[in-house]
>>> print(open('work-v5.txt').read())   # compact mmCIF, C-alpha atoms
# COMPACT_ATOMS: atom_id res chain seq x y z
CA MET A 1 76.08 27.65 75.68
CA GLY A 2 75.97 26.54 79.35
CA THR A 3 77.83 23.64 80.85
CA ALA A 4 74.72 21.51 80.80
CA ASP A 5 74.12 22.25 77.12
CA LEU A 6 77.71 21.40 76.32
CA THR A 7 77.51 18.13 78.22
CA GLU A 8 74.28 17.22 76.48
CA ALA A 9 75.73 18.06 73.07
CA GLN A 10 78.71 15.82 73.82
CA ASP A 11 76.40 13.05 75.04
CA ARG A 12 74.38 13.18 71.85
CA ARG A 13 77.53 12.95 69.76
CA LEU A 14 78.59 9.93 71.80
CA VAL A 15 75.23 8.27 71.17
CA GLU A 16 75.62 8.97 67.46
CA SER A 17 79.04 7.31 67.53
CA LEU A 18 77.58 4.45 69.52
CA ARG A 19 75.16 3.81 66.70
CA ARG A 20 78.18 3.10 64.54
CA GLY A 21 79.51 0.63 67.12
CA ASP A 22 82.15 2.94 68.59
CA GLU A 23 83.44 1.30 71.77
CA GLU A 24 85.16 4.47 72.93
CA ALA A 25 81.86 6.31 72.78
CA PHE A 26 80.36 3.64 74.98
CA ARG A 27 83.23 3.95 77.43
CA GLY A 28 82.72 7.71 77.44
CA LEU A 29 79.08 7.46 78.44
CA PHE A 30 79.82 4.66 80.86
CA GLY A 31 82.51 6.70 82.55
CA ARG A 32 80.23 9.71 82.76
CA TYR A 33 77.11 8.07 84.15
CA ALA A 34 77.80 4.60 85.54
CA THR A 35 78.53 5.75 89.09
CA SER A 36 75.40 7.90 89.27
CA ALA A 37 73.42 5.04 87.79
CA LYS A 38 74.81 2.70 90.41
CA ALA A 39 73.97 5.18 93.17
CA LEU A 40 70.40 5.39 91.94
CA ALA A 41 70.03 1.63 91.63
CA VAL A 42 71.51 1.05 95.09
CA ARG A 43 69.22 3.68 96.57
CA VAL A 44 66.12 2.05 95.11
CA VAL A 45 66.87 -1.66 95.49
CA ARG A 46 69.18 -1.33 98.52
CA GLN A 47 71.33 -4.25 97.43
CA GLN A 48 74.75 -3.73 95.96
CA HIS A 49 74.77 -6.91 93.92
CA LEU A 50 71.33 -6.38 92.43
CA ALA A 51 72.15 -2.73 91.75
CA GLU A 52 75.27 -3.78 89.87
CA GLU A 53 73.18 -6.12 87.72
CA ILE A 54 70.68 -3.37 87.00
CA VAL A 55 73.38 -0.96 85.92
CA GLN A 56 74.94 -3.62 83.73
CA GLU A 57 71.58 -4.37 82.11
CA ALA A 58 70.92 -0.70 81.44
CA PHE A 59 74.31 -0.09 79.86
CA LEU A 60 74.01 -3.30 77.88
CA ALA A 61 70.75 -1.91 76.51
CA LEU A 62 72.55 1.33 75.69
CA TRP A 63 75.25 -0.58 73.82
CA ARG A 64 72.84 -2.82 71.96
CA GLU A 65 70.01 -0.37 71.32
CA PRO A 66 71.38 3.18 71.11
CA GLU A 67 68.69 3.98 68.56
CA GLY A 68 66.24 3.74 71.45
CA TYR A 69 67.30 7.24 72.39
CA ASP A 70 64.90 9.90 71.13
CA PRO A 71 66.26 13.46 71.54
CA GLU A 72 62.72 14.82 71.51
CA ARG A 73 61.98 12.98 74.74
CA GLY A 74 64.84 14.42 76.74
CA SER A 75 68.54 14.34 77.42
CA VAL A 76 70.79 11.33 77.13
CA ARG A 77 71.23 11.41 80.88
CA ALA A 78 67.47 11.40 81.43
CA TRP A 79 67.14 8.43 79.09
CA LEU A 80 69.90 6.48 80.78
CA MET A 81 68.75 7.22 84.29
CA GLY A 82 65.22 6.39 83.22
CA MET A 83 66.37 2.95 82.07
CA VAL A 84 68.13 2.37 85.36
CA HIS A 85 65.18 3.61 87.38
CA HIS A 86 62.62 1.51 85.46
CA ARG A 87 64.68 -1.59 86.07
CA ALA A 88 65.25 -0.77 89.70
CA VAL A 89 61.59 -0.17 90.51
CA ASP A 90 60.62 -3.27 88.56
CA ALA A 91 63.02 -5.26 90.69
CA VAL A 92 61.63 -3.76 93.88
CA ARG A 93 58.05 -4.37 92.89
CA ARG A 94 58.82 -7.92 91.83
CA GLU A 95 60.37 -8.71 95.13
CA GLU A 96 58.31 -7.02 97.78
CA SER A 97 60.04 -9.13 100.38
CA GLN A 98 63.19 -7.17 99.60
CA ARG A 99 61.32 -4.05 100.52
CA ARG A 100 60.43 -5.51 103.90
CA ARG A 101 64.08 -6.26 104.52
CA ALA A 102 65.06 -2.75 103.54
CA ASP A 103 65.36 -1.32 107.01
CA GLN A 104 67.81 -4.00 108.01
CA MET A 105 69.78 -3.41 104.87
CA VAL A 106 70.12 0.30 105.32
CA VAL A 107 72.79 -0.35 107.90
CA GLY A 108 74.64 -2.69 105.55
CA LEU A 109 74.22 -0.25 102.71
CA ARG A 110 75.80 2.55 104.65
CA GLU A 111 78.69 0.29 105.45
CA GLU A 112 78.99 -0.79 101.84
CA THR A 113 78.89 2.69 100.41
CA GLU A 114 81.61 3.76 102.76
CA ASP A 115 84.01 2.30 100.27
CA PRO A 116 87.35 4.12 100.14
CA ALA A 117 86.99 4.16 96.35
CA GLU A 118 83.84 6.20 96.67
CA ASP A 119 85.65 9.28 97.86
CA LEU A 120 87.59 9.35 94.65
CA VAL A 121 84.47 8.80 92.58
CA ASP A 122 82.70 11.46 94.58
CA ASP A 123 85.37 13.99 93.82
CA LEU A 124 85.25 13.31 90.14
CA ALA A 125 81.52 13.26 89.61
CA ARG A 126 80.24 16.80 89.49
CA PRO A 127 79.96 17.60 93.21
CA GLN A 128 78.77 21.10 92.36
CA GLU A 129 75.79 19.77 90.49
CA ARG A 130 74.97 17.36 93.29
CA ARG A 131 75.11 20.13 95.84
CA LEU A 132 72.68 22.24 93.81
CA VAL A 133 70.25 19.39 93.35
CA ARG A 134 70.36 18.53 97.03
CA ALA A 135 69.76 22.18 97.89
CA ALA A 136 66.78 22.31 95.54
CA LEU A 137 65.39 19.13 97.04
CA ASP A 138 65.89 20.43 100.58
CA ALA A 139 64.17 23.68 99.64
CA LEU A 140 60.96 21.88 98.66
CA PRO A 141 58.07 22.00 101.09
CA PRO A 142 58.45 18.81 103.15
CA GLU A 143 55.15 17.34 101.96
CA GLN A 144 56.24 17.65 98.33
CA ARG A 145 59.74 16.35 98.99
CA GLN A 146 58.36 13.36 100.81
CA VAL A 147 56.16 12.37 97.89
CA LEU A 148 59.01 12.70 95.37
CA GLU A 149 61.36 10.70 97.57
CA PHE A 150 58.84 7.93 98.15
CA MET A 151 58.25 7.62 94.44
CA TYR A 152 61.73 8.05 93.06
CA PHE A 153 63.97 6.65 95.76
CA GLU A 154 61.68 4.10 97.36
CA GLY A 155 60.09 2.94 94.13
CA LEU A 156 56.55 3.33 95.47
CA THR A 157 53.62 3.82 93.13
CA GLN A 158 51.26 6.75 93.58
CA THR A 159 48.74 4.39 95.19
CA GLN A 160 51.33 3.07 97.63
CA VAL A 161 52.34 6.62 98.50
CA ALA A 162 48.68 7.44 99.20
CA GLU A 163 48.41 4.38 101.41
CA ARG A 164 51.60 5.10 103.28
CA THR A 165 50.87 8.77 103.88
CA GLY A 166 47.11 8.46 104.31
CA LEU A 167 46.63 11.17 101.71
CA PRO A 168 43.98 11.08 98.99
CA LEU A 169 45.40 9.93 95.67
CA GLY A 170 44.54 13.26 94.08
CA THR A 171 46.62 15.07 96.68
CA VAL A 172 49.55 12.77 96.06
CA LYS A 173 49.41 13.53 92.35
CA SER A 174 49.06 17.27 92.81
CA ARG A 175 51.98 17.34 95.27
CA THR A 176 54.05 15.38 92.80
CA LEU A 177 53.37 17.89 90.07
CA LEU A 178 54.07 20.85 92.34
CA GLY A 179 57.29 19.30 93.57
CA MET A 180 58.47 18.44 90.09
CA ARG A 181 57.64 21.94 88.86
CA ARG A 182 59.58 23.52 91.70
CA MET A 183 62.55 21.27 91.09
CA ARG A 184 62.39 22.03 87.40
CA THR A 185 62.35 25.75 88.02
CA ALA A 186 65.13 25.61 90.57
CA LEU A 187 67.32 23.51 88.32
CA GLU A 188 66.37 24.97 84.98
CA GLU A 189 69.93 25.52 83.93
CA LEU A 190 71.16 22.11 85.00
CA GLU A 191 68.24 20.29 83.50
CA ARG A 192 68.94 21.37 79.93
CA MET B 1 50.62 24.47 70.38
CA SER B 2 47.97 21.77 70.67
CA GLN B 3 44.42 23.02 71.17
CA LEU B 4 43.83 20.43 73.89
CA ASP B 5 44.34 21.23 77.54
CA HIS B 6 47.67 19.99 78.84
CA ALA B 7 46.97 20.51 82.54
CA PRO B 8 45.53 17.06 83.29
CA LEU B 9 48.26 15.50 81.20
CA GLU B 10 50.97 17.34 83.07
CA GLU B 11 50.09 15.81 86.43
CA LEU B 12 50.12 12.28 85.04
CA LEU B 13 53.36 12.85 83.13
CA ALA B 14 55.02 14.12 86.30
CA VAL B 15 54.02 10.96 88.17
CA ARG B 16 55.05 8.75 85.28
CA ALA B 17 58.48 10.35 85.09
CA LEU B 18 59.01 8.98 88.60
CA ASP B 19 57.80 5.52 87.50
CA ALA B 20 54.95 5.82 89.98
CA LEU B 21 51.92 5.88 87.72
CA ASP B 22 49.60 2.94 88.23
CA GLY B 23 46.00 1.82 88.07
CA ASP B 24 43.56 3.53 85.76
CA ASP B 25 45.77 6.58 85.48
CA ALA B 26 48.30 4.72 83.33
CA ALA B 27 45.59 3.88 80.80
CA ARG B 28 44.17 7.39 81.12
CA LEU B 29 47.51 8.93 80.27
CA ASP B 30 47.99 6.66 77.26
CA ALA B 31 44.51 7.54 76.01
CA SER B 32 45.14 11.22 76.57
CA LEU B 33 48.44 11.09 74.68
CA ARG B 34 46.73 9.32 71.81
CA GLU B 35 44.09 12.02 71.79
CA HIS B 36 46.78 14.69 71.58
CA GLY B 37 48.34 12.85 68.65
CA ASP B 38 51.62 14.17 67.31
CA CYS B 39 52.02 16.68 70.11
CA ALA B 40 55.30 18.54 70.48
CA ASP B 41 54.09 20.11 73.72
CA CYS B 42 53.45 16.68 75.19
CA ARG B 43 56.93 15.52 74.21
CA GLY B 44 58.35 18.71 75.68
CA LEU B 45 56.62 18.09 79.00
CA GLU B 46 57.74 14.49 78.96
CA ALA B 47 61.33 15.57 78.33
CA GLU B 48 61.24 18.17 81.09
CA PHE B 49 59.92 15.78 83.70
CA ALA B 50 62.31 13.04 82.62
CA GLY B 51 65.17 15.51 82.98
CA THR B 52 64.01 16.58 86.41
CA ALA B 53 63.66 12.98 87.55
CA ALA B 54 67.15 12.19 86.29
CA LEU B 55 68.52 15.12 88.26
CA LEU B 56 67.09 13.63 91.44
CA ALA B 57 69.57 10.81 90.92
CA THR B 58 72.33 13.40 90.90
CA SER B 59 71.54 14.24 94.51
CA LEU B 60 72.99 10.88 95.50
CA ALA B 61 76.67 10.34 96.15
CA PRO B 62 78.03 8.26 93.26
CA VAL B 63 78.79 4.64 93.96
CA ALA B 64 81.74 2.90 92.35
CA VAL B 65 81.00 0.21 89.78
CA ASP B 66 83.00 -2.88 89.00
CA PRO B 67 85.79 -1.55 86.77
CA ALA B 68 85.44 -4.63 84.54
CA MET B 69 81.77 -3.98 83.80
CA ALA B 70 82.34 -1.97 80.64
CA ASP B 71 84.55 -4.70 79.21
CA ARG B 72 81.99 -7.33 80.13
CA ILE B 73 79.26 -5.43 78.30
CA LEU B 74 81.38 -4.83 75.24
CA GLY B 75 82.39 -8.48 75.20
CA ALA B 76 78.86 -9.78 75.72
CA ALA B 77 77.09 -8.21 72.78
CA PRO B 78 77.92 -7.32 69.19
CA PRO B 79 78.26 -3.64 68.40
CA ALA B 80 75.05 -1.82 67.71
CA ARG B 81 76.05 -1.29 64.08
CA ASP B 82 75.95 -5.05 63.44
CA GLN B 83 72.46 -5.28 64.83
CA LEU B 84 71.37 -2.27 62.85
CA ALA B 85 72.60 -3.91 59.70
CA GLU B 86 70.13 -6.70 60.32
CA ARG B 87 67.26 -4.42 61.06
CA ARG B 88 67.33 -1.45 58.77
CA GLY B 89 65.27 -1.16 55.65
CA SER B 90 67.89 -1.08 52.94
CA GLN B 91 69.60 -4.02 54.56
CA ARG B 92 66.42 -5.80 55.43
CA SER B 93 66.96 -8.67 53.04
CA ARG B 94 70.34 -9.41 54.58
CA GLY B 95 68.79 -9.43 58.05
CA TRP B 96 65.97 -11.62 56.86
CA ALA B 97 68.40 -14.01 55.23
CA ALA B 98 70.30 -14.27 58.49
CA LEU B 99 67.08 -14.95 60.36
CA VAL B 100 66.10 -17.65 57.89
CA ALA B 101 69.53 -19.19 58.10
CA ILE B 102 69.43 -19.31 61.87
CA ALA B 103 65.92 -20.66 61.97
CA ALA B 104 66.69 -23.21 59.28
CA ALA B 105 69.80 -24.30 61.08
CA PHE B 106 67.78 -24.70 64.22
CA VAL B 107 65.25 -26.89 62.46
CA LEU B 108 68.03 -29.02 61.11
CA VAL B 109 69.53 -29.41 64.53
CA VAL B 110 66.29 -30.32 66.23
CA GLY B 111 65.59 -32.78 63.44
CA GLY B 112 68.83 -34.53 64.10
CA VAL B 113 70.32 -33.69 60.76
CA VAL B 114 73.88 -32.51 60.64
CA LEU B 115 74.92 -29.92 58.12
CA THR B 116 78.42 -30.27 56.91
CA THR B 117 80.62 -27.33 56.20
CA ASP B 118 82.69 -29.34 53.76
CA ARG B 119 81.95 -27.83 50.37
CA THR B 120 82.60 -31.05 48.58
CA GLN B 121 79.66 -32.75 50.18
CA PRO B 122 76.05 -32.05 49.48
CA VAL B 123 74.16 -30.16 52.10
CA VAL B 124 71.81 -32.57 53.74
CA GLY B 125 68.28 -31.69 54.65
CA THR B 126 67.88 -28.30 53.02
CA ASN B 127 64.32 -29.27 52.17
CA TRP B 128 63.49 -29.30 55.87
CA ALA B 129 63.11 -25.63 56.33
CA GLN B 130 60.55 -24.90 53.71
CA ALA B 131 58.75 -22.12 55.46
CA VAL B 132 59.88 -19.48 57.88
CA VAL B 133 57.56 -16.82 59.18
CA ARG B 134 58.40 -13.80 61.20
CA PHE B 135 56.10 -12.58 63.94
CA GLU B 136 55.01 -8.96 64.14
CA GLY B 137 53.49 -7.13 67.05
CA THR B 138 53.90 -4.94 70.06
CA ALA B 139 56.05 -7.20 72.20
CA GLY B 140 59.37 -6.01 70.83
CA GLY B 141 62.27 -8.25 69.96
CA THR B 142 62.34 -10.77 67.17
CA LEU B 143 60.49 -14.05 66.87
CA ALA B 144 60.51 -16.42 63.92
CA MET B 145 58.99 -19.83 63.32
CA ALA B 146 60.29 -22.45 60.94
CA PHE B 147 58.20 -25.44 59.88
CA VAL B 148 57.64 -27.92 57.11
CA PRO B 149 54.10 -27.79 55.72
CA GLY B 150 52.42 -31.14 56.20
CA THR B 151 54.85 -32.24 58.89
CA ALA B 152 54.13 -32.00 62.60
CA GLY B 153 56.38 -29.68 64.54
CA ALA B 154 57.60 -26.12 64.41
CA ALA B 155 60.74 -24.48 65.69
CA PHE B 156 60.70 -21.06 67.27
CA TRP B 157 63.66 -18.81 67.58
CA GLY B 158 63.54 -15.46 69.28
CA SER B 159 65.87 -12.78 70.54
CA ASP B 160 65.62 -9.50 72.46
CA LEU B 161 62.21 -10.51 73.75
CA PRO B 162 61.16 -8.55 76.82
CA ASP B 163 60.70 -10.35 80.11
CA PRO B 164 57.00 -11.26 80.31
CA GLY B 165 57.02 -10.29 83.99
CA GLU B 166 57.06 -12.06 87.31
CA GLY B 167 54.85 -15.13 87.27
CA MET B 168 54.12 -14.69 83.58
CA THR B 169 55.21 -16.50 80.44
CA TYR B 170 54.73 -16.37 76.70
CA GLU B 171 52.20 -18.80 75.31
CA ILE B 172 52.12 -19.85 71.67
CA TRP B 173 48.76 -20.36 69.97
CA MET B 174 47.73 -21.83 66.66
CA ILE B 175 44.55 -20.20 65.39
CA ASP B 176 42.50 -22.82 63.56
CA ASP B 177 39.19 -21.71 62.15
CA GLY B 178 39.21 -18.81 64.59
CA THR B 179 39.87 -21.02 67.61
CA PRO B 180 43.14 -20.66 69.54
CA ILE B 181 44.82 -24.00 70.20
CA PRO B 182 47.60 -23.94 72.80
CA GLY B 183 51.04 -24.72 71.47
CA GLY B 184 52.98 -24.46 74.70
CA CYS B 185 54.62 -21.89 76.92
CA VAL B 186 58.11 -20.53 76.87
CA THR B 187 59.95 -17.97 78.96
CA PRO B 188 62.94 -16.19 77.44
CA VAL B 189 66.34 -16.42 79.03
CA ASP B 190 68.27 -13.21 78.48
CA GLY B 191 65.63 -12.31 75.92
CA ARG B 192 66.22 -15.44 73.87
CA ILE B 193 64.13 -18.49 73.18
CA ALA B 194 64.79 -21.56 71.08
CA VAL B 195 62.04 -24.13 71.33
CA PHE B 196 60.53 -26.95 69.32
CA VAL B 197 56.77 -27.38 69.50
CA ASN B 198 55.48 -30.78 68.52
CA ALA B 199 52.23 -29.61 66.99
CA ASP B 200 50.82 -29.65 63.50
CA VAL B 201 50.49 -26.19 62.03
CA GLY B 202 49.22 -27.59 58.72
CA THR B 203 45.69 -26.22 59.09
CA THR B 204 46.65 -23.15 61.06
CA GLU B 205 45.58 -19.81 59.66
CA GLN B 206 47.58 -17.73 62.05
CA MET B 207 50.09 -18.06 64.86
CA ALA B 208 49.83 -15.86 67.92
CA VAL B 209 51.72 -15.27 71.14
CA THR B 210 50.19 -13.91 74.32
CA VAL B 211 51.55 -13.13 77.76
CA GLU B 212 49.94 -15.51 80.22
CA PRO B 213 50.24 -16.65 83.81
CA ALA B 214 53.00 -19.20 84.31
CA ASP B 215 50.48 -22.05 84.69
CA CYS B 216 50.00 -21.82 80.93
CA PRO B 217 46.20 -21.61 80.57
CA ALA B 218 44.26 -23.61 78.01
CA THR B 219 42.59 -20.53 76.60
CA PRO B 220 44.17 -17.09 76.13
CA THR B 221 43.46 -14.52 78.82
CA SER B 222 45.00 -11.57 76.97
CA ASP B 223 45.35 -10.15 73.50
CA PRO B 224 48.23 -11.32 71.31
CA VAL B 225 51.47 -9.40 71.53
CA LEU B 226 52.86 -11.15 68.45
CA THR B 227 51.16 -12.68 65.45
CA ALA B 228 52.16 -14.31 62.18
CA PRO B 229 49.73 -15.18 59.39
CA LEU B 230 50.21 -18.58 57.77
CA ALA B 231 47.27 -18.78 55.39
>>> encode(input="work-v5.txt", output="structure tokens")
Amino acid sequence: MGTADLTEAQDRRLVESLRRGDEEAFRGLFGRYATSAKALAVRVVRQQHLAEEIVQEAFLALWREPEGYDPERGSVRAWLMGMVHHRAVDAVRREESQRRRADQMVVGLREETEDPAEDLVDDLARPQERRLVRAALDALPPEQRQVLEFMYFEGLTQTQVAERTGLPLGTVKSRTLLGMRRMRTALEELER
Amino acid sequence: MSQLDHAPLEELLAVRALDALDGDDAARLDASLREHGDCADCRGLEAEFAGTAALLATSLAPVAVDPAMADRILGAAPPARDQLAERRGSQRSRGWAALVAIAAAFVLVVGGVVLTTDRTQPVVGTNWAQAVVRFEGTAGGTLAMAFVPGTAGAAFWGSDLPDPGEGMTYEIWMIDDGTPIPGGCVTPVDGRIAVFVNADVGTTEQMAVTVEPADCPATPTSDPVLTAPLA
């Protein structure tokens, strides 16, 4: 059993315990994923305060509705990050004006994320895994990476990506699939 | 292995895993998934793409969260097991009783009647809540209506209702002789609503709730997400 399998098995046990109202199980999952969830939310909405709210909402949903997790539809991490991502892109799409302010906020974001506490968090949160994922992302053909980043990190829809890049919608979709396949292959071990 | 071709599905699932599917493709994917039915391959693809998307988040440097957040969450909501007890089949009657009690209590409050907890005194106004119906549908969450047949007014109590979306609200309809009559609009706060509608449901065959623009139209513009038969 690989590290990823072991982690997933532990996660599933924690979700089972959560279904019985086990607070320690909740703290276990929170400790494991909250900082990654916050990073994702910050990256998409580009506002620390809003990102914090999104993470809180997602973990509240985890605490209140652990039966929402369906093992057939993926790992616990995928489910959790999916909840965070859905909320983050919803927030972005609701407030398009935030998107227009994004460039100005990037500077502030960089300043905010240069929190001394982050170094500690960074050390604790699977740097090896992050390095591998970054390497896989960097290894993608640029046109595929760009589409994935627009969609996942900028919260753009496929139509918005087509508009921004000037590509036909069909091309956007096919590049998405190719990029996701390549990532999946490159990270096969981690993904499980 | 399903006999149907998964190639077209795969492209749409990949886009959806990134929350980027929109337009006709979203409906196309739903239709395609329905066509595939109980499809383990489809779920497998879904799981793989969801996992890959989640790994993209791992490429980001973690960001510290408020250390008090976990305590706030644990303090803000009852443990999942308590909620399950209200929902699950074998305990359904207990959950239903709780729902009735809450709805009935709400009716009593809105009617200006005070229930006493003193066991030596008679409970006042128990005849007020003579009917409680629970809505069913695709919206998610819980919605119940309490009313007194023959008396104008109905109280609605809901929890865990999803946000109807920016610029949207829930609108309550009374279906009389097939015609929807508006009963008012309400937007949940933290998934909850508690509202009294001053309308007579005496001749209503069915109650319905739709998601509508915030200006609360006089006729429904979408299909009901929740319904409750009264007849």
>>> interface_residues(input="work-v5.txt", of="chain B", to="chain A", cutoff="9 Å", atoms="all atoms listed in the file", output="ChimeraX atom specification")
/B:10-15,17-23,40,43-66,69-74,76-84,165-166
>>> write_last_selection(input="work-v5.txt", atoms="C-alpha atoms", output="short mmCIF file (atom, residue, chain, number, x, y, z; two decimals), keeping the file's coordinate frame")
data_model
loop_
_atom_site.label_atom_id
_atom_site.label_comp_id
_atom_site.auth_asym_id
_atom_site.auth_seq_id
_atom_site.Cartn_x
_atom_site.Cartn_y
_atom_site.Cartn_z
CA GLU B 10 50.97 17.34 83.07
CA GLU B 11 50.09 15.81 86.43
CA LEU B 12 50.12 12.28 85.04
CA LEU B 13 53.36 12.85 83.13
CA ALA B 14 55.02 14.12 86.30
CA VAL B 15 54.02 10.96 88.17
CA ALA B 17 58.48 10.35 85.09
CA LEU B 18 59.01 8.98 88.60
CA ASP B 19 57.80 5.52 87.50
CA ALA B 20 54.95 5.82 89.98
CA LEU B 21 51.92 5.88 87.72
CA ASP B 22 49.60 2.94 88.23
CA GLY B 23 46.00 1.82 88.07
CA ALA B 40 55.30 18.54 70.48
CA ARG B 43 56.93 15.52 74.21
CA GLY B 44 58.35 18.71 75.68
CA LEU B 45 56.62 18.09 79.00
CA GLU B 46 57.74 14.49 78.96
CA ALA B 47 61.33 15.57 78.33
CA GLU B 48 61.24 18.17 81.09
CA PHE B 49 59.92 15.78 83.70
CA ALA B 50 62.31 13.04 82.62
CA GLY B 51 65.17 15.51 82.98
CA THR B 52 64.01 16.58 86.41
CA ALA B 53 63.66 12.98 87.55
CA ALA B 54 67.15 12.19 86.29
CA LEU B 55 68.52 15.12 88.26
CA LEU B 56 67.09 13.63 91.44
CA ALA B 57 69.57 10.81 90.92
CA THR B 58 72.33 13.40 90.90
CA SER B 59 71.54 14.24 94.51
CA LEU B 60 72.99 10.88 95.50
CA ALA B 61 76.67 10.34 96.15
CA PRO B 62 78.03 8.26 93.26
CA VAL B 63 78.79 4.64 93.96
CA ALA B 64 81.74 2.90 92.35
CA VAL B 65 81.00 0.21 89.78
CA ASP B 66 83.00 -2.88 89.00
CA MET B 69 81.77 -3.98 83.80
CA ALA B 70 82.34 -1.97 80.64
CA ASP B 71 84.55 -4.70 79.21
CA ARG B 72 81.99 -7.33 80.13
CA ILE B 73 79.26 -5.43 78.30
CA LEU B 74 81.38 -4.83 75.24
CA ALA B 76 78.86 -9.78 75.72
CA ALA B 77 77.09 -8.21 72.78
CA PRO B 78 77.92 -7.32 69.19
CA PRO B 79 78.26 -3.64 68.40
CA ALA B 80 75.05 -1.82 67.71
CA ARG B 81 76.05 -1.29 64.08
CA ASP B 82 75.95 -5.05 63.44
CA GLN B 83 72.46 -5.28 64.83
CA LEU B 84 71.37 -2.27 62.85
CA GLY B 165 57.02 -10.29 83.99
CA GLU B 166 57.06 -12.06 87.31
#
>>> atom_distance(input="work-v5.txt", atom1="CA of Pro188 in chain B", atom2="CA of Ala27 in chain B")
26.7 Å
>>> atom_distance(input="work-v5.txt", atom1="CA of Asp30 in chain B", atom2="CA of Pro8 in chain B")
12.3 Å
>>> residues_near_point(input="work-v5.txt", point="(46.0, -22.9, 73.5)", cutoff="8 Å", atoms="only C-alpha atoms", output="number ranges by chain")
B: 171-174, 180-184, 217-220
>>> write_last_selection(input="work-v5.txt", atoms="C-alpha atoms", output="compact mmCIF listing (two decimals), keeping the file's coordinate frame")
# COMPACT_ATOMS: atom_id res chain seq x y z
CA GLU B 171 52.20 -18.80 75.31
CA ILE B 172 52.12 -19.85 71.67
CA TRP B 173 48.76 -20.36 69.97
CA MET B 174 47.73 -21.83 66.66
CA PRO B 180 43.14 -20.66 69.54
CA ILE B 181 44.82 -24.00 70.20
CA PRO B 182 47.60 -23.94 72.80
CA GLY B 183 51.04 -24.72 71.47
CA GLY B 184 52.98 -24.46 74.70
CA PRO B 217 46.20 -21.61 80.57
CA ALA B 218 44.26 -23.61 78.01
CA THR B 219 42.59 -20.53 76.60
CA PRO B 220 44.17 -17.09 76.13
>>> atom_distance(input="work-v5.txt", atom1="CA of Leu29 in chain B", atom2="CA of Leu9 in chain B")
6.7 Å
>>> axis_aligned_box(input="work-v5.txt", around="range 168-175 of chain A", padding_each_side="5 Å", output="AutoDock Vina command-line options")
--center_x 48.0 --center_y 13.6 --center_z 95.7 --size_x 18.0 --size_y 17.4 --size_z 16.6
>>> closest_residue(input="work-v5.txt", among="B:Asp190, B:Val225, B:Gly178, B:Glu212", to="Gly140 in chain B", atoms="only C-alpha atoms")
B:Val225
>>> closest_residue(input="work-v5.txt", among="B:Leu230, B:Met168, B:Ala199, B:Ile175", to="Arg134 in chain B", atoms="all atoms listed in the file")
B:Leu230
>>> closest_residue(input="work-v5.txt", among="A:Glu24, A:Arg46, A:Arg145, A:Arg32", to="Asp11 in chain A", atoms="all atoms listed in the file")
A:Arg32
